[in-house]
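Enquirer: Handing you a structure now.
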Amino acid sequence: MNIYMKQKNRFRSGRRSYSEWAWAYAFIAPTILGLIILNIIPFFQSVWLSLQDKYTGRPGIGNYIRMFTQDGLFWRSNLNTLVFTLLTVPVGVILSLLFASLLNRSIKGRNLYRGIFFLPLVCAPAAVAMVWRWVVFNSQSGFLNYLLSRVGITGPNWITDPNVVMFSIAIVAVWSSVGYDMVLLLAGMQSIPKVYYEAAKIDGVSPLQQFRYITIPLVSPTLFFVVIMRTMNALRQFDLSFMFAKDTDPTFPAVQTLIYLFYRETYVKLNPNYGSAIVIWTLLLILALTALQFRGEKKWVYYDS
Amino acid sequence: MKKHILSLLLALTCAASTLLLPACSGPSGASSAASQAKQSSAASKASEDNLSGEITFAFWDANQQSGMQALIDAYTAKHPKVKINISVTPWDQYWQVLGAATKGGMPDVFWMHSNNFVDYAKKGILMDCTDLFDKANFPEGLSKVFQWEGKQLGVPKDFDTVALVYNKTLFDKAGLAYPNDTWDWNTLLDNAKKLTKDGVYGFCAPGNEDQSGYLIPIYQAGGYTVKMGEKKSGYADSKSIQGVQWWIDLQKKYKVSPTQEQMTEMSQHDYFKGGKAAMVFLGSWEIKGYIDAMKELGQEFDITVLPKGPTGTRATIYNGLTYAGYKDTKQPEIVKSFLTFLGTKEAAEVMGKSGAAIPAFNGTQDSWYNNFPGHNVKAYPDMIRYGVQYPFSITKAEWGAEEKSLIAELYTQKNPDVAAQMKKIQQTVDSYLAKE
């Protein structure tokens with residue numbers, strides 16, 4: 001008798017539930033332990049911190065009152081964060097959908113292209129930001145303005161103009177994330193049975209209609225996931241703002257996001273209580289927007305049973 | 001059977017790695033110091049000469065790295081079994097990294113700045129250095145800055161002041177006489193106007209510099225910002241407003257300085273070192289880097305004292321750093337011994353000779369300025385007699401950041417309303433001072 005039959009016999013003996021459950025718990029225990037120690041307990045600690053005043057130690061909602069009524073920067077950060085999200089999520093998702101569908105066909109060098117699109121993700125975000133800031137966007141020596149000058153256009157001040165800098169950051173953010181979303185959508189697209197496309201071709205359906213009526217509905221679960229992840233990441237944006245503007249630069253009010261505000265309050269001004277309040281607010285914002293998206297899920301996400 | 005063993009081993013590895021990973025995420029200095037401590041804790045209990053072990057020494061200025069290394073070499077010559085590892089983090093991230101390190105991975109010896117001293121003193125993590133050096137050897141003002149509840153929580157390291165540096169080549173080209181100690185605000189402005197042409201600016205007046213920027217004209221006009229121990233700040237004083245007004249006018253009204261937006265891409269140092277600005281207020285801690293850079297550029301520059309204010313008042317902002325020790329270090333004997341060495345005349349002269357910074361030890365300042373022949377670096381220590389201590393207080397971390405960003409906000413306004421903004425700063429800062 002081989003091993004598998006021996007195991008089957010053991011299960012049949014009635015001790016099945018206990019040993020199955022034991023192994024199940026044993027395997028998820030490390031991750032759960034990590035989650036509890038590194039995520040859940042610190043979350044409650046943050047909530048508790050945010051309810052204390054830094055100087056008097058008295059519990060209360062003073063930090064929240066200050067945040068909503070006395071801090072102009074807070075409302076500006078909310079605006080900036082939402083603007084950034086609106087700029088990057090639709091553009092990023094549409095572009096990655098486009099690239100995924102283009103790279104889903106058998107074209108020459110397809111694997112090479114997929115690799116190239118994915119490349120931005122293996123680079124450290126800080127290094128990416130530095131290169132974009134100094135090499136590409138620099139108004140005097142950057143090559144974007146150089147290319148534009150060859151066509152006769154004087155490029156804007158990408159980094160120093162407060163009206164333009166948010167777009168520059170959005171460009172870098174989309175550039176960094178398109179590869180990842182594209183790979184996810186590609187995987188989703190490849191699980192669509194070719195049968196549908198063949199049937200559509202026989203019926204004389206145009207490629208665009210194929211895309212709209214076959215690809216999008218069948219890739220919608222993956223698309224939904226991508227949209228949610230992108231939105232969450234956009235709402236937590238910090239590293240690009242940090243690399244593109246110091247807190248005393250004239251462009252700072254235009255790029256300060258919620259997490260940058262948190263960073264400044266906690267690590268520069270050394271007030272972790274107020275910083276925690278900002279973080280809890282960000283969490284609630286993300287929760288609210290995600291809940292909204294889940295409500296919309298029933299309307300456009302198609303799961304085949 | 002084999003599959004069972006394999007899966008069991010995998011589960012154990014996962015469990016072990018989850019628990020070990022948080023410990024590995026700290027800086028390498030901590031783990032090596034910890035492992036060394038286990039080996040050498042027995043050895044360090046022995047006499048001073050048998051001191052052995054490893055400690056980390058953290059600071060922020062890469063310009064001073066060779067100086068710090070020289071100090072380490074001089075120390076380890078006496079204690080060959082001690083190894084001291086340097087850790088340099090740039091100023092912009094130093095306090096964030098150090099703050100995070102207070103939860104784990106704290107360096108054993110590190111530089112401390114008046115801005116953040118009180119915060120760290122309150123946390124109770126600074127080693128008591130009162131008996132490690134002789135206070136009589138250092139200027140009284142500097143020792144006072146790092147005192148807390150009657151104890152000295154650091155060994156004085158250096159002091160720095162701010163002076164005026166000018167590009168001799170550009171002055172020669174324009175046919176103007178070099179700045180000297182007779183200059184005042186008007187002379188500076190007149191000369192800057194004459195020098196601003198052909199893509200070159202006469203002066204650089206960054207709005208986001210405090211010690212080497214807007215604080216200087218505030219004090220030169222006779223105003224003040226925060227006086228230690230006072231609950232009311234002086235931003236709304238008419239003389240303080242006059243100071244900031246002059247500073248911002250250099251950029252906005254007289255246009256003798258690059259704009260704040262331009263300086264986002266190129267700092268005032270880049271402008272001067274690139275020969276695109278003729279004058280700049282410069283802290284003594286930058287001098288060594290400037291001399292090297294200007295030599296490469298092939299341009300001559302020199303230093304002179306700051307110009308007088310409108311009423312003839314002289315002022316510069318000085319500050320001093322201290323070496324601090326981590327109270328709960330795993331190598332207290334080595335840390336105490338190293339800090340004692342750092343407070344000696346020999347250490348001061350080693351640091352001075354390296355050109356790193358002006359040593360605080362009385363009488364050793366010439367070891368620093370003898371490094372820079374042909375440059376009037378003596379101007380720096382000469383200004384100490386009318387120097388003002390860089391303002392600080394218990395809540396400096398909070399109001400210092402707000403002061404800087406509120407001043408920076410002025411530069412984003414088309415027609416900056418200095419008086420209103422200074423009143424706003426005063427209200428904000430006073431609210432923090434009230435909490436002390």
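Residue numbers start at 1 in each chain; chains themselves are named A, B, ... in the order of the structure tokens; ligands are numbered from 1 in the order shown.
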For chain A, work out the contacting residues on chain B at 6 Å, counting only C-alpha atoms, and write them as a PyMOL selection string.
Expert: chain B and resi 15+96+208+261+397-398+405+408+412
Enquirer: Take the selection from the previous step and output its residues with C-alpha atoms, as a PDB file, in the first residue's frame.
Expert:
ATOM      1  CA  ALA B  15       7.015  30.477  12.520  1.00  0.00           C
ATOM      2  CA  GLN B  96      13.416  60.909  11.933  1.00  0.00           C
ATOM      3  CA  ASN B 208      13.550  78.664   4.035  1.00  0.00           C
ATOM      4  CA  GLU B 261      10.917  78.780  -6.807  1.00  0.00           C
ATOM      5  CA  ALA B 397      10.439  70.989  17.344  1.00  0.00           C
ATOM      6  CA  GLU B 398       6.833  72.111  16.869  1.00  0.00           C
ATOM      7  CA  SER B 405       6.646  77.010   6.937  1.00  0.00           C
ATOM      8  CA  ALA B 408       7.992  80.081   3.506  1.00  0.00           C
ATOM      9  CA  THR B 412       4.095  82.149  -2.227  1.00  0.00           C
TER      10      THR B 412
END
Enquirer: Could you give me, as number ranges by chain, the residues within 9 Å of segment 103-112 of chain B, counting only C-alpha atoms and dropping anything in the same chain fewer than 5 positions from it?
Expert: B: 26-31, 55-60, 87, 98, 117, 120, 146, 154, 157, 321-332, 335, 338-339
Enquirer: Distance atom CA of Trp300 of chain A-atom CA of Phe99 of chain A, one decimal place?
Expert: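 Here the two named atoms are 21.4 Å from each other.
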Enquirer: Which of segment 138-318 of chain B end up as alpha helix (DSSP H) when DSSP is run on this backbone - answer as a ChimeraX atom specification?
Expert: /B:140-145,168-174,185-195,215-220,238-252,262-265,268-273,287-297
Enquirer: Fewer than 2 positions away in the same chain doesn't count, so skip those; otherwise give me all residues within 10 Å of segment 415-423 of chain B, counting only C-alpha atoms, as a PyMOL selection string.
Expert: chain B and resi 234-238+240-245+248-249+252-253+403+406-407+409-413+425-429
Enquirer: Write out as a ChimeraX atom specification the residues lying within 9 Å of Leu142 of chain B, counting only C-alpha atoms and excluding same-chain residues fewer than 3 positions away.
Expert: /B:138-139,145-146,156,158-159,319-322,360,389
Enquirer: DSSP says strand (DSSP E) for which residues of segment 51-134 of chain B? Put them as a PDB file with N, CA and C atoms, in the first residue's frame?
Expert:
ATOM      1  N   GLY B  53      35.388  46.171  22.405  1.00  0.00           N
ATOM      2  CA  GLY B  53      33.995  46.059  21.997  1.00  0.00           C
ATOM      3  C   GLY B  53      33.745  46.961  20.807  1.00  0.00           C
ATOM      4  N   GLU B  54      32.482  47.055  20.465  1.00  0.00           N
ATOM      5  CA  GLU B  54      32.102  47.836  19.289  1.00  0.00           C
ATOM      6  C   GLU B  54      30.976  48.779  19.661  1.00  0.00           C
ATOM      7  N   ILE B  55      31.098  50.021  19.214  1.00  0.00           N
ATOM      8  CA  ILE B  55      29.972  50.938  19.404  1.00  0.00           C
ATOM      9  C   ILE B  55      29.687  51.668  18.086  1.00  0.00           C
ATOM     10  N   THR B  56      28.503  52.272  17.997  1.00  0.00           N
ATOM     11  CA  THR B  56      28.175  53.077  16.812  1.00  0.00           C
ATOM     12  C   THR B  56      28.180  54.537  17.181  1.00  0.00           C
ATOM     13  N   PHE B  57      28.660  55.350  16.229  1.00  0.00           N
ATOM     14  CA  PHE B  57      28.753  56.785  16.408  1.00  0.00           C
ATOM     15  C   PHE B  57      27.975  57.408  15.255  1.00  0.00           C
ATOM     16  N   ALA B  58      26.859  58.064  15.557  1.00  0.00           N
ATOM     17  CA  ALA B  58      25.984  58.579  14.505  1.00  0.00           C
ATOM     18  C   ALA B  58      26.013  60.102  14.448  1.00  0.00           C
ATOM     19  N   PHE B  59      26.005  60.641  13.232  1.00  0.00           N
ATOM     20  CA  PHE B  59      25.936  62.103  13.050  1.00  0.00           C
ATOM     21  C   PHE B  59      25.405  62.393  11.653  1.00  0.00           C
ATOM     22  N   VAL B  82      38.994  48.607  20.873  1.00  0.00           N
ATOM     23  CA  VAL B  82      37.647  49.161  20.674  1.00  0.00           C
ATOM     24  C   VAL B  82      37.438  49.477  19.202  1.00  0.00           C
ATOM     25  N   LYS B  83      36.276  49.114  18.712  1.00  0.00           N
ATOM     26  CA  LYS B  83      35.948  49.443  17.318  1.00  0.00           C
ATOM     27  C   LYS B  83      34.744  50.387  17.329  1.00  0.00           C
ATOM     28  N   ILE B  84      34.894  51.499  16.622  1.00  0.00           N
ATOM     29  CA  ILE B  84      33.796  52.472  16.574  1.00  0.00           C
ATOM     30  C   ILE B  84      33.313  52.599  15.137  1.00  0.00           C
ATOM     31  N   ASN B  85      32.043  52.280  14.918  1.00  0.00           N
ATOM     32  CA  ASN B  85      31.474  52.326  13.572  1.00  0.00           C
ATOM     33  C   ASN B  85      30.738  53.635  13.357  1.00  0.00           C
ATOM     34  N   ILE B  86      31.041  54.274  12.223  1.00  0.00           N
ATOM     35  CA  ILE B  86      30.393  55.557  11.906  1.00  0.00           C
ATOM     36  C   ILE B  86      29.080  55.305  11.174  1.00  0.00           C
ATOM     37  N   SER B  87      28.085  56.127  11.498  1.00  0.00           N
ATOM     38  CA  SER B  87      26.818  56.049  10.765  1.00  0.00           C
ATOM     39  C   SER B  87      26.396  57.474  10.423  1.00  0.00           C
ATOM     40  N   VAL B  88      26.395  57.815   9.125  1.00  0.00           N
ATOM     41  CA  VAL B  88      26.044  59.176   8.706  1.00  0.00           C
ATOM     42  C   VAL B  88      24.651  59.177   8.076  1.00  0.00           C
ATOM     43  N   VAL B 109      26.869  56.600  20.623  1.00  0.00           N
ATOM     44  CA  VAL B 109      27.274  57.999  20.743  1.00  0.00           C
ATOM     45  C   VAL B 109      26.715  58.713  19.523  1.00  0.00           C
ATOM     46  N   PHE B 110      26.194  59.911  19.709  1.00  0.00           N
ATOM     47  CA  PHE B 110      25.611  60.617  18.566  1.00  0.00           C
ATOM     48  C   PHE B 110      25.625  62.117  18.819  1.00  0.00           C
ATOM     49  N   TRP B 111      25.524  62.869  17.721  1.00  0.00           N
ATOM     50  CA  TRP B 111      25.455  64.327  17.832  1.00  0.00           C
ATOM     51  C   TRP B 111      24.075  64.736  18.303  1.00  0.00           C
ATOM     52  N   MET B 112      24.046  65.795  19.134  1.00  0.00           N
ATOM     53  CA  MET B 112      22.758  66.319  19.579  1.00  0.00           C
ATOM     54  C   MET B 112      22.707  67.810  19.253  1.00  0.00           C
TER      55      MET B 112
END
Enquirer: Which residues are close to Leu119 of chain A, i.e. within 8 Å by only C-alpha atoms, leaving aside same-chain residues fewer than 4 positions away? Reply as a list in words.
Expert: Gly115, Cys123 and Gly179 of chain A
Enquirer: Which residues, written as a ChimeraX atom specification, have at least one atom at most 10 Å from Tyr390 of chain B, with only C-alpha atoms counted and residues fewer than 3 positions away on the same chain left out?
Expert: /B:114-115,161,210-211,215,225-227,316-320,387
Enquirer: With C-alpha atoms retained, could you export that selection as a PDB file, in the first residue's frame?
Expert:
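And here is the file that came out, again-v6.pdb:
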ATOM      1  CA  SER B 114      19.620  72.312  20.572  1.00  0.00           C
ATOM      2  CA  ASN B 115      16.445  71.991  18.461  1.00  0.00           C
ATOM      3  CA  THR B 161      28.367  81.170  13.436  1.00  0.00           C
ATOM      4  CA  ASP B 210      16.520  80.300   9.521  1.00  0.00           C
ATOM      5  CA  GLN B 211      19.931  80.312  11.160  1.00  0.00           C
ATOM      6  CA  LEU B 215      16.790  85.166  11.674  1.00  0.00           C
ATOM      7  CA  THR B 225      12.004  85.776  18.086  1.00  0.00           C
ATOM      8  CA  VAL B 226      12.026  83.602  21.203  1.00  0.00           C
ATOM      9  CA  LYS B 227      13.913  84.269  24.402  1.00  0.00           C
ATOM     10  CA  THR B 316      24.963  86.659  14.013  1.00  0.00           C
ATOM     11  CA  ILE B 317      23.248  83.473  15.059  1.00  0.00           C
ATOM     12  CA  TYR B 318      25.444  80.938  16.760  1.00  0.00           C
ATOM     13  CA  ASN B 319      24.747  77.445  17.850  1.00  0.00           C
ATOM     14  CA  GLY B 320      26.703  74.603  19.353  1.00  0.00           C
ATOM     15  CA  GLY B 387      26.332  86.329  18.555  1.00  0.00           C
TER      16      GLY B 387
END
